[in-house]
file upload.cif (mmCIF, C-alpha atoms)
data_run
loop_
_atom_site.label_atom_id
_atom_site.label_comp_id
_atom_site.auth_asym_id
_atom_site.auth_seq_id
_atom_site.Cartn_x
_atom_site.Cartn_y
_atom_site.Cartn_z
CA MET S 1 31.81 13.58 -19.54
CA PRO S 2 31.82 11.47 -16.41
CA ASP S 3 28.33 10.06 -16.85
CA ARG S 4 29.83 7.84 -19.55
CA PRO S 5 26.44 7.23 -21.21
CA ASP S 6 28.21 5.15 -23.84
CA GLN S 7 28.90 2.58 -21.13
CA ILE S 8 25.36 2.33 -19.78
CA SER S 9 24.59 -0.81 -21.71
CA ASP S 10 27.00 -3.46 -20.55
CA GLN S 11 26.89 -7.23 -20.54
CA THR S 12 25.02 -8.20 -17.39
CA ALA S 13 24.85 -11.98 -17.59
CA ASP S 14 27.38 -13.00 -14.95
CA ARG S 15 26.85 -10.15 -12.49
CA PRO S 16 25.27 -10.42 -9.01
CA ARG S 17 21.74 -9.03 -9.03
CA HIS S 18 20.02 -6.54 -6.71
CA SER S 19 16.73 -7.55 -5.09
CA ALA S 20 13.69 -5.27 -5.46
CA VAL S 21 14.31 -4.03 -1.88
CA ASP S 22 17.97 -3.27 -2.73
CA ASP S 23 16.88 -1.19 -5.72
CA ALA S 24 14.03 0.52 -3.84
CA GLN S 25 16.32 1.72 -1.02
CA GLY S 26 18.99 2.78 -3.53
CA ILE S 27 16.52 4.84 -5.55
CA ALA S 28 14.89 6.29 -2.38
CA PHE S 29 18.36 7.31 -1.16
CA GLY S 30 19.21 8.85 -4.55
CA VAL S 31 15.96 10.77 -4.79
CA THR S 32 16.34 12.15 -1.24
CA MET S 33 19.95 13.24 -1.74
CA ALA S 34 19.13 14.78 -5.15
CA ALA S 35 16.16 16.65 -3.64
CA LEU S 36 18.39 18.05 -0.88
CA GLY S 37 20.96 19.03 -3.52
CA MET S 38 18.31 20.74 -5.69
CA HIS S 39 16.99 22.52 -2.58
CA ILE S 40 20.46 23.95 -1.93
CA LEU S 41 20.93 24.73 -5.66
CA THR S 42 17.70 26.72 -5.99
CA HIS S 43 18.19 28.39 -2.57
CA MET S 44 21.54 29.75 -3.76
CA GLY S 45 20.30 30.60 -7.27
CA PHE S 46 23.00 28.37 -8.81
CA VAL S 47 22.79 26.74 -12.22
CA THR S 48 24.17 23.35 -13.24
CA GLY S 49 24.44 21.04 -16.25
CA GLN S 50 22.17 18.52 -17.96
CA THR S 51 18.42 18.13 -17.30
CA THR S 52 18.51 19.97 -13.98
CA GLY S 53 20.40 22.89 -15.54
CA ILE S 54 17.88 23.21 -18.36
CA ALA S 55 15.06 23.19 -15.78
CA VAL S 56 16.80 25.91 -13.71
CA LEU S 57 17.08 28.14 -16.80
CA VAL S 58 13.50 27.51 -18.00
CA ALA S 59 12.18 28.23 -14.49
CA HIS S 60 14.29 31.41 -14.43
CA PHE S 61 12.98 32.70 -17.77
CA THR S 62 9.33 31.67 -17.37
CA GLY S 63 8.87 32.25 -13.64
CA LEU S 64 7.24 28.81 -13.36
CA PRO S 65 7.97 26.73 -10.24
CA PHE S 66 11.19 24.72 -10.56
CA PRO S 67 9.80 21.26 -9.54
CA ALA S 68 7.06 21.39 -12.21
CA VAL S 69 9.49 22.60 -14.87
CA TYR S 70 12.00 19.87 -13.99
CA PHE S 71 9.33 17.19 -14.34
CA ALA S 72 8.10 18.64 -17.65
CA VAL S 73 11.65 18.82 -19.06
CA THR S 74 12.25 15.13 -18.37
CA LEU S 75 9.05 13.96 -20.13
CA PRO S 76 10.16 14.18 -23.80
CA PHE S 77 13.14 11.93 -23.08
CA LEU S 78 10.95 9.16 -21.67
CA GLY S 79 9.80 8.05 -25.12
CA LEU S 80 13.37 7.95 -26.34
CA GLY S 81 14.40 6.02 -23.22
CA TRP S 82 11.59 3.53 -23.78
CA ARG S 83 12.69 2.84 -27.37
CA ARG S 84 16.38 2.54 -26.62
CA MET S 85 16.52 1.09 -23.11
CA GLY S 86 13.17 -0.67 -22.76
CA ALA S 87 9.93 -0.18 -20.85
CA ALA S 88 11.41 -1.04 -17.43
CA PHE S 89 14.07 1.70 -17.76
CA ALA S 90 11.51 4.27 -18.92
CA LEU S 91 9.05 3.45 -16.14
CA LYS S 92 11.80 3.53 -13.50
CA THR S 93 12.93 6.91 -14.86
CA LEU S 94 9.36 8.20 -14.75
CA ALA S 95 8.92 7.01 -11.15
CA THR S 96 12.29 8.52 -10.13
CA THR S 97 11.73 11.93 -11.72
CA ALA S 98 8.12 12.11 -10.45
CA ALA S 99 9.25 11.29 -6.90
CA LEU S 100 12.11 13.79 -7.14
CA SER S 101 9.86 16.60 -8.44
CA LEU S 102 7.36 15.90 -5.67
CA MET S 103 10.03 15.86 -2.99
CA VAL S 104 11.63 19.10 -4.21
CA ALA S 105 8.16 20.68 -4.19
CA ILE S 106 7.31 19.66 -0.61
CA LEU S 107 10.77 19.82 1.01
CA PRO S 108 10.47 23.58 1.84
CA ARG S 109 7.65 22.69 4.27
CA TRP S 110 10.11 20.92 6.54
CA ILE S 111 13.46 22.48 5.77
CA GLU S 112 14.28 26.13 5.37
CA LEU S 113 17.88 27.02 4.66
CA GLY S 114 19.47 30.09 6.22
CA ARG S 115 22.74 31.77 5.35
CA ILE S 116 25.12 29.43 3.57
CA GLU S 117 28.64 30.23 2.43
CA PRO S 118 28.42 29.88 -1.40
CA ALA S 119 31.54 27.70 -1.63
CA VAL S 120 30.15 25.33 1.04
CA ALA S 121 26.82 25.19 -0.79
CA ALA S 122 28.55 24.47 -4.11
CA VAL S 123 30.65 21.60 -2.72
CA LEU S 124 27.70 20.08 -0.83
CA PHE S 125 25.54 20.33 -3.96
CA GLY S 126 28.21 18.62 -6.04
CA LEU S 127 28.66 15.78 -3.55
CA LEU S 128 24.91 15.31 -2.98
CA PHE S 129 24.17 15.25 -6.71
CA GLY S 130 27.15 13.01 -7.33
CA ILE S 131 26.17 10.40 -4.76
CA ALA S 132 22.51 10.61 -5.88
CA ALA S 133 23.46 9.94 -9.50
CA LEU S 134 25.84 7.15 -8.49
CA ALA S 135 23.14 5.40 -6.41
CA ALA S 136 20.55 5.85 -9.19
CA ILE S 137 22.90 4.48 -11.88
CA ARG S 138 23.95 1.49 -9.76
CA HIS S 139 20.29 0.66 -9.04
CA GLY S 140 19.06 1.06 -12.61
CA GLY S 141 17.33 4.43 -12.18
CA SER S 142 17.86 7.71 -13.98
CA PHE S 143 17.19 11.38 -13.24
CA GLY S 144 16.05 12.56 -16.61
CA GLY S 145 17.36 10.57 -19.52
CA LEU S 146 19.08 13.42 -21.34
CA SER S 147 22.07 11.08 -21.67
CA VAL S 148 19.88 8.73 -23.71
CA LEU S 149 19.60 11.52 -26.27
CA TRP S 150 23.40 11.68 -26.53
CA ILE S 151 23.63 7.91 -27.06
CA GLU S 152 21.01 8.17 -29.81
CA LEU S 153 22.95 11.04 -31.36
CA GLN S 154 26.18 9.02 -31.18
CA ASP S 155 24.54 6.14 -33.06
CA ARG S 156 23.17 8.39 -35.79
CA THR S 157 25.96 10.92 -36.30
CA GLY S 158 29.03 9.34 -34.72
CA LEU S 159 29.44 12.28 -32.30
CA ALA S 160 30.80 10.76 -29.07
CA ALA S 161 28.11 10.86 -26.38
CA GLY S 162 30.55 12.20 -23.80
CA HIS S 163 31.47 15.11 -26.05
CA ALA S 164 27.83 15.91 -26.80
CA GLN S 165 27.11 15.95 -23.08
CA LEU S 166 30.02 18.29 -22.42
CA LEU S 167 28.99 20.60 -25.28
CA SER S 168 25.42 20.77 -23.97
CA ASP S 169 26.71 21.75 -20.52
CA VAL S 170 28.86 24.47 -22.08
CA ALA S 171 25.75 25.75 -23.88
CA ILE S 172 23.72 25.76 -20.63
CA PHE S 173 26.43 27.69 -18.78
CA ALA S 174 26.75 30.11 -21.73
CA VAL S 175 23.04 30.94 -21.52
CA ALA S 176 23.32 31.19 -17.71
CA ALA S 177 26.22 33.64 -18.14
CA LEU S 178 23.79 36.07 -19.81
CA VAL S 179 21.56 36.29 -16.73
CA LEU S 180 23.60 35.31 -13.65
CA PRO S 181 26.17 37.41 -11.76
CA VAL S 182 29.78 36.32 -12.28
CA GLY S 183 30.15 35.15 -8.66
CA THR S 184 27.08 32.93 -8.83
CA LEU S 185 28.29 31.53 -12.13
CA ALA S 186 31.72 30.73 -10.66
CA TYR S 187 30.25 28.92 -7.64
CA SER S 188 27.84 27.08 -9.96
CA PHE S 189 30.84 25.94 -11.97
CA LEU S 190 32.57 24.77 -8.77
CA GLY S 191 29.48 22.68 -7.89
CA ALA S 192 29.27 21.22 -11.39
CA ALA S 193 33.00 20.43 -11.32
CA VAL S 194 32.71 18.60 -7.97
CA PHE S 195 29.73 16.65 -9.34
CA SER S 196 31.51 15.71 -12.58
CA LEU S 197 34.78 14.75 -10.87
CA PHE S 198 32.91 12.69 -8.28
CA LEU S 199 31.11 10.70 -10.98
CA ALA S 200 34.22 10.42 -13.17
CA VAL S 201 36.22 8.86 -10.33
CA ASN S 202 33.50 6.68 -8.81
CA HIS S 203 31.24 5.47 -11.63
CA ARG S 204 33.05 2.21 -12.34
CA ARG S 205 31.09 -0.83 -13.44
CA ASP S 206 34.25 -2.90 -13.03
CA ARG S 207 34.23 -2.11 -9.30
CA TYR S 208 30.57 -1.95 -8.36
CA VAL S 209 29.63 -5.16 -10.13
CA ALA S 210 26.03 -5.79 -9.07
CA VAL S 211 23.15 -4.85 -11.37
CA MET U 1 34.79 -10.60 -12.95
CA THR U 2 38.31 -9.30 -12.92
CA ALA U 3 40.79 -9.92 -10.14
CA THR U 4 40.90 -7.62 -7.11
CA GLN U 5 41.49 -4.02 -7.96
CA LYS U 6 43.28 -1.49 -5.78
CA HIS U 7 42.17 2.10 -5.34
CA THR U 8 44.84 4.68 -6.12
CA LEU U 9 45.91 7.19 -3.46
CA ILE U 10 43.83 9.91 -5.12
CA GLU U 11 40.75 7.67 -5.27
CA ASP U 12 41.09 6.90 -1.57
CA ALA U 13 41.66 10.59 -0.80
CA GLN U 14 38.47 11.68 -2.56
CA GLY U 15 36.49 8.82 -0.96
CA ILE U 16 37.71 9.79 2.53
CA THR U 17 37.06 13.49 1.83
CA TYR U 18 33.54 12.63 0.67
CA GLY U 19 32.94 10.52 3.78
CA ALA U 20 34.24 13.11 6.24
CA THR U 21 32.32 15.95 4.54
CA MET U 22 28.98 14.14 4.39
CA ALA U 23 29.43 12.88 7.97
CA ALA U 24 30.13 16.48 9.10
CA PHE U 25 26.99 17.67 7.28
CA GLY U 26 25.07 14.93 9.11
CA ILE U 27 26.54 15.99 12.48
CA VAL U 28 25.55 19.63 11.82
CA ILE U 29 21.95 18.46 11.32
CA LEU U 30 22.09 16.10 14.33
CA THR U 31 23.45 18.63 16.82
CA GLN U 32 21.26 21.47 15.51
CA LEU U 33 18.24 19.29 16.42
CA GLY U 34 19.78 18.08 19.70
CA LEU U 35 19.43 14.45 18.60
CA VAL U 36 21.69 11.59 19.67
CA THR U 37 23.05 8.66 17.68
CA GLY U 38 25.08 5.49 18.01
CA GLN U 39 28.67 4.37 17.54
CA THR U 40 31.73 6.44 18.45
CA ALA U 41 30.04 9.59 17.19
CA GLY U 42 27.09 8.83 19.48
CA LEU U 43 29.41 8.52 22.47
CA ALA U 44 31.02 11.87 21.54
CA VAL U 45 27.60 13.53 21.09
CA LEU U 46 26.46 12.37 24.55
CA ILE U 47 29.69 13.67 26.15
CA ALA U 48 29.38 16.94 24.23
CA TYR U 49 25.77 17.46 25.39
CA ALA U 50 26.59 16.53 29.01
CA THR U 51 29.67 18.79 29.27
CA GLY U 52 28.81 21.60 26.84
CA TRP U 53 32.05 21.03 24.90
CA GLY U 54 31.99 21.02 21.09
CA PHE U 55 31.43 17.75 19.23
CA GLY U 56 34.59 18.15 17.10
CA PRO U 57 37.23 18.13 19.85
CA VAL U 58 35.37 15.51 21.92
CA PHE U 59 35.07 13.19 18.91
CA PHE U 60 38.76 13.58 18.14
CA LEU U 61 39.78 12.77 21.75
CA VAL U 62 37.35 9.86 22.21
CA ASN U 63 38.87 8.15 19.17
CA LEU U 64 42.49 8.28 20.33
CA PRO U 65 42.54 5.00 22.34
CA PHE U 66 41.01 3.04 19.47
CA TYR U 67 43.90 3.65 17.09
CA ILE U 68 45.97 1.11 19.06
CA VAL U 69 43.32 -1.58 18.48
CA GLY U 70 43.00 -0.43 14.89
CA TYR U 71 46.74 -0.68 14.28
CA LEU U 72 47.05 -4.12 15.91
CA ARG U 73 44.04 -5.71 14.18
CA MET U 74 43.60 -3.82 10.90
CA GLY U 75 47.08 -2.61 10.01
CA LEU U 76 48.85 0.69 9.45
CA ALA U 77 47.08 1.87 6.26
CA PHE U 78 43.63 1.43 7.82
CA THR U 79 44.69 3.23 11.00
CA VAL U 80 46.24 6.18 9.14
CA LYS U 81 43.19 6.53 6.86
CA THR U 82 40.85 6.37 9.85
CA PHE U 83 42.91 8.98 11.71
CA VAL U 84 42.70 11.30 8.68
CA ALA U 85 38.93 10.75 8.36
CA VAL U 86 38.34 11.37 12.09
CA ALA U 87 40.57 14.49 12.10
CA LEU U 88 38.84 15.89 8.99
CA LEU U 89 35.37 15.22 10.44
CA SER U 90 36.38 16.84 13.76
CA VAL U 91 37.57 20.00 12.01
CA LEU U 92 34.62 20.17 9.60
CA ALA U 93 32.05 19.56 12.37
CA TRP U 94 33.55 22.52 14.22
CA TRP U 95 33.89 24.73 11.11
CA MET U 96 30.73 23.98 9.12
CA PRO U 97 28.04 25.37 11.49
CA GLN U 98 29.58 28.84 11.08
CA HIS U 99 29.01 28.62 7.31
CA LEU U 100 25.80 26.63 7.01
CA ALA U 101 22.64 27.57 8.89
CA PHE U 102 19.11 26.20 8.82
CA SER U 103 16.28 28.64 9.57
CA ARG U 104 13.93 25.75 10.20
CA LEU U 105 14.38 21.97 10.14
CA ASP U 106 11.77 19.34 10.91
CA PRO U 107 13.24 16.81 13.40
CA VAL U 108 11.87 13.70 11.63
CA LEU U 109 13.12 14.81 8.21
CA GLY U 110 16.40 15.85 9.86
CA ALA U 111 16.80 12.38 11.40
CA VAL U 112 16.26 10.68 8.02
CA LEU U 113 18.68 13.06 6.27
CA PHE U 114 21.23 12.43 9.03
CA GLY U 115 20.77 8.68 8.51
CA PHE U 116 21.29 8.84 4.74
CA LEU U 117 24.24 11.26 4.96
CA SER U 118 26.05 9.29 7.70
CA GLY U 119 25.23 5.91 6.19
CA SER U 120 26.58 6.92 2.81
CA ALA U 121 29.62 8.55 4.46
CA LEU U 122 30.46 5.38 6.39
CA LEU U 123 29.90 3.23 3.30
CA ALA U 124 32.38 5.35 1.31
CA LEU U 125 34.92 5.20 4.17
CA PHE U 126 34.57 1.40 4.53
CA ARG U 127 34.97 0.90 0.78
CA HIS U 128 38.11 3.03 0.83
CA GLY U 129 39.63 1.12 3.73
CA ALA U 130 38.86 3.63 6.49
CA SER U 131 36.26 4.11 9.22
CA LEU U 132 35.11 6.75 11.66
CA GLY U 133 36.72 5.31 14.71
CA GLY U 134 36.61 2.86 17.52
CA VAL U 135 33.31 1.03 17.41
CA GLY U 136 33.47 0.92 13.63
CA ILE U 137 36.93 -0.67 13.84
CA VAL U 138 35.69 -3.38 16.21
CA ALA U 139 32.59 -3.98 14.06
CA LEU U 140 34.63 -4.18 10.85
CA MET U 141 37.07 -6.58 12.51
CA LEU U 142 34.19 -8.84 13.50
CA GLN U 143 32.73 -8.71 9.97
CA ASP U 144 36.04 -9.62 8.35
CA ARG U 145 36.95 -12.35 10.88
CA LEU U 146 33.63 -13.88 11.90
CA GLY U 147 31.40 -12.78 9.02
CA TRP U 148 29.06 -10.84 11.31
CA ARG U 149 27.49 -7.92 9.47
CA ALA U 150 29.05 -4.71 10.79
CA GLY U 151 25.59 -3.10 10.82
CA TRP U 152 24.22 -5.51 13.42
CA VAL U 153 27.22 -5.25 15.76
CA GLN U 154 26.92 -1.49 15.69
CA LEU U 155 23.19 -1.74 16.46
CA ALA U 156 23.99 -3.59 19.71
CA PHE U 157 26.41 -0.86 20.82
CA ASP U 158 23.82 1.75 19.89
CA ALA U 159 21.29 0.14 22.25
CA VAL U 160 23.55 0.89 25.22
CA LEU U 161 24.09 4.50 24.13
CA PHE U 162 20.37 5.04 23.66
CA ALA U 163 19.65 3.75 27.16
CA LEU U 164 22.08 6.41 28.45
CA ALA U 165 20.48 9.05 26.21
CA PHE U 166 17.23 8.84 28.20
CA THR U 167 19.08 10.51 31.11
CA LEU U 168 19.85 13.59 28.95
CA ARG U 169 16.93 13.85 26.51
CA ASP U 170 13.13 13.46 26.54
CA ALA U 171 11.48 10.35 25.10
CA ALA U 172 10.33 12.03 21.85
CA THR U 173 13.88 13.22 21.05
CA VAL U 174 15.27 9.76 21.76
CA ALA U 175 12.58 8.17 19.54
CA ILE U 176 13.39 10.49 16.62
CA SER U 177 17.10 9.86 17.21
CA PHE U 178 16.39 6.14 17.03
CA LEU U 179 14.86 6.62 13.57
CA GLY U 180 18.07 8.32 12.40
CA ALA U 181 20.31 5.59 13.83
CA LEU U 182 18.06 2.95 12.26
CA VAL U 183 18.47 4.55 8.82
CA VAL U 184 22.28 4.67 9.25
CA ASN U 185 22.46 1.00 10.18
CA LEU U 186 20.03 -0.11 7.45
CA VAL U 187 22.05 1.72 4.80
CA ILE U 188 25.18 -0.11 5.95
CA ALA U 189 23.53 -3.51 6.54
CA ILE U 190 22.01 -3.52 3.03
CA ASN U 191 24.84 -1.92 1.08
CA HIS U 192 28.15 -2.90 2.69
CA ARG U 193 28.75 -5.94 0.48
CA ARG U 194 32.27 -6.88 -0.56
CA ASP U 195 30.79 -9.13 -3.23
CA ARG U 196 29.22 -6.12 -4.95
CA TYR U 197 31.79 -3.36 -4.52
CA ILE U 198 34.92 -5.38 -5.20
CA ALA U 199 37.72 -2.79 -5.25
CA THR U 200 39.86 -2.35 -2.14
#

call {"tool": "encode", "arguments": {"input": "upload.cif", "output": "structure tokens"}}
result
Amino acid sequence: MPDRPDQISDQTADRPRHSAVDDAQGIAFGVTMAALGMHILTHMGFVTGQTTGIAVLVAHFTGLPFPAVYFAVTLPFLGLGWRRMGAAFALKTLATTAALSLMVAILPRWIELGRIEPAVAAVLFGLLFGIAALAAIRHGGSFGGLSVLWIELQDRTGLAAGHAQLLSDVAIFAVAALVLPVGTLAYSFLGAAVFSLFLAVNHRRDRYVAV
Amino acid sequence: MTATQKHTLIEDAQGITYGATMAAFGIVILTQLGLVTGQTAGLAVLIAYATGWGFGPVFFLVNLPFYIVGYLRMGLAFTVKTFVAVALLSVLAWWMPQHLAFSRLDPVLGAVLFGFLSGSALLALFRHGASLGGVGIVALMLQDRLGWRAGWVQLAFDAVLFALAFTLRDAATVAISFLGALVVNLVIAINHRRDRYIAT
């Protein structure tokens, strides 16, 4: 999978460094774009992969509000992130997911979407989520830390993290197929494909060299 | 770090498609709220508001003279990529409002979203060797030749456009528009760094 969690830890000694302001604006940008993407996603009733996809399904089955569910889903992975990636990573992840949950919760006060062509919504969601993830990764943030689980799994069982991530997305879409109409599922897949392709092409630590 | 890397044709194509699409999304928000902005797009928006013509065709026409400057100073590849980006944005800005509607949109939030969407769009286009037209070409030329940050050059041009905007819009609309343009220029001023994104 494009997130390439196996490449998250990289040697960082000789790379240019971001200032705190650089990172703050990068994370703020990522959170805002992700919130807009989630707003479109939930407005259309789409599903997607990874942490957000799990939250969409849990919210669907329990009837609980999506922002609260999303925040709750990310919590268990914080401990794992702390152990593997350090306190700074875990705290940044907590701040990012808390800000994102809050923004998704309050965004409907200021923005109400009308009729959107599903294909347009899917492509915009994919691009918004893609650029949000790219900005977060480049500025040391994270939207949920599920990928940390796959790295842990890779270390313990030898299952490649990318494959585990792909399998988990297949599982999420399989569950979604039980409850979503075929059309919605197809557009959801289009959005997820745009997102994955965008990250696969653009997440290159050999090109964006600052940390 | 490794030596300079070149983007492939497909990588440039997806970067330019991303840039044009996000910029079009930003223009949909901007024109829905009746806000103005800076740069070539700002000039096109002002003309569109004053004449009642659509942003898409005006933006496409306004850019035509600049391709000569672009070709002379920045080369053929840059000019072709910019032409493709401008053409794609023109078509999408005309097409998208028929397929994407807001029931309600707060102007201040809209201005910030416009700023992030356009800033990120321009950043992607710059990194893939394109731009969104005339003023951007001049600003990029100055950055590459004199080391002036493109963001600051564009801010100066914006000041002139905003002075003109007061003749078409009330002060509150211009103030909110200024916030959006500020976000665009901050995104570029902070993030357009050839020492950080090294591929060309």

call {"tool": "interface_residues", "arguments": {"input": "upload.cif", "of": "chain U", "to": "chain S", "cutoff": "6 Å", "atoms": "all atoms listed in the file", "output": "list in words"}}
result
His99, Leu100, Ala101, Phe102, Ser103, Arg104, Leu105, Asp106, Arg196, Tyr197, Ile198 and Ala199 of chain U

call {"tool": "residues_around", "arguments": {"input": "upload.cif", "residues": "U:Phe78", "least_positions_apart": "2", "cutoff": "10 Å", "atoms": "all atoms listed in the file", "output": "ChimeraX atom specification"}}
result
/U:67,70-71,73-76,80-84,126,128-131,137

call {"tool": "closest_residue", "arguments": {"input": "upload.cif", "among": "U:Trp94, U:Tyr18, U:Phe178, U:Phe59", "to": "U:Pro107", "atoms": "only C-alpha atoms"}}
result
U:Phe178

call {"tool": "atom_distance", "arguments": {"input": "upload.cif", "atom1": "atom CA of U:Leu186", "atom2": "atom CA of U:Leu117"}}
result
12.4 Å

call {"tool": "resolve_selection", "arguments": {"input": "upload.cif", "expression": "the PyMOL selection byres ((chain U and resi 177) around 8)", "output": "PyMOL selection string"}}
result
chain U and resi 35-37+111+173-176+178-181

call {"tool": "atom_distance", "arguments": {"input": "upload.cif", "atom1": "atom CA of U:Thr21", "atom2": "atom CA of U:Leu123"}}
result
13.0 Å

call {"tool": "resolve_selection", "arguments": {"input": "upload.cif", "expression": "the PyMOL selection byres ((chain U and resi 155) around 10)", "output": "number ranges by chain"}}
result
U: 38-39, 139, 150-154, 156-161, 181-182, 184-186

call {"tool": "atom_distance", "arguments": {"input": "upload.cif", "atom1": "atom CA of U:Met141", "atom2": "atom CA of U:Phe66"}}
result
12.5 Å

call {"tool": "closest_residue", "arguments": {"input": "upload.cif", "among": "U:Ala44, U:Asn63, U:Val86, U:Ala124", "to": "U:Glu11", "atoms": "all atoms listed in the file"}}
result
U:Ala124

call {"tool": "resolve_selection", "arguments": {"input": "upload.cif", "expression": "the PyMOL selection byres ((chain U and resi 25) around 10)", "output": "list in words"}}
result
Leu124 of chain S; Gly19, Ala20, Thr21, Met22, Ala23, Ala24, Gly26, Ile27, Val28, Ile29, Leu30, Leu89, Leu92, Ala93, Met96, Pro97, Leu100, Leu113, Phe114, Leu117, Ser118 and Ala121 of chain U

call {"tool": "closest_residue", "arguments": {"input": "upload.cif", "among": "U:Thr200, U:Gly34, U:Ile16, U:Gly56", "to": "U:Arg169", "atoms": "only C-alpha atoms"}}
result
U:Gly34
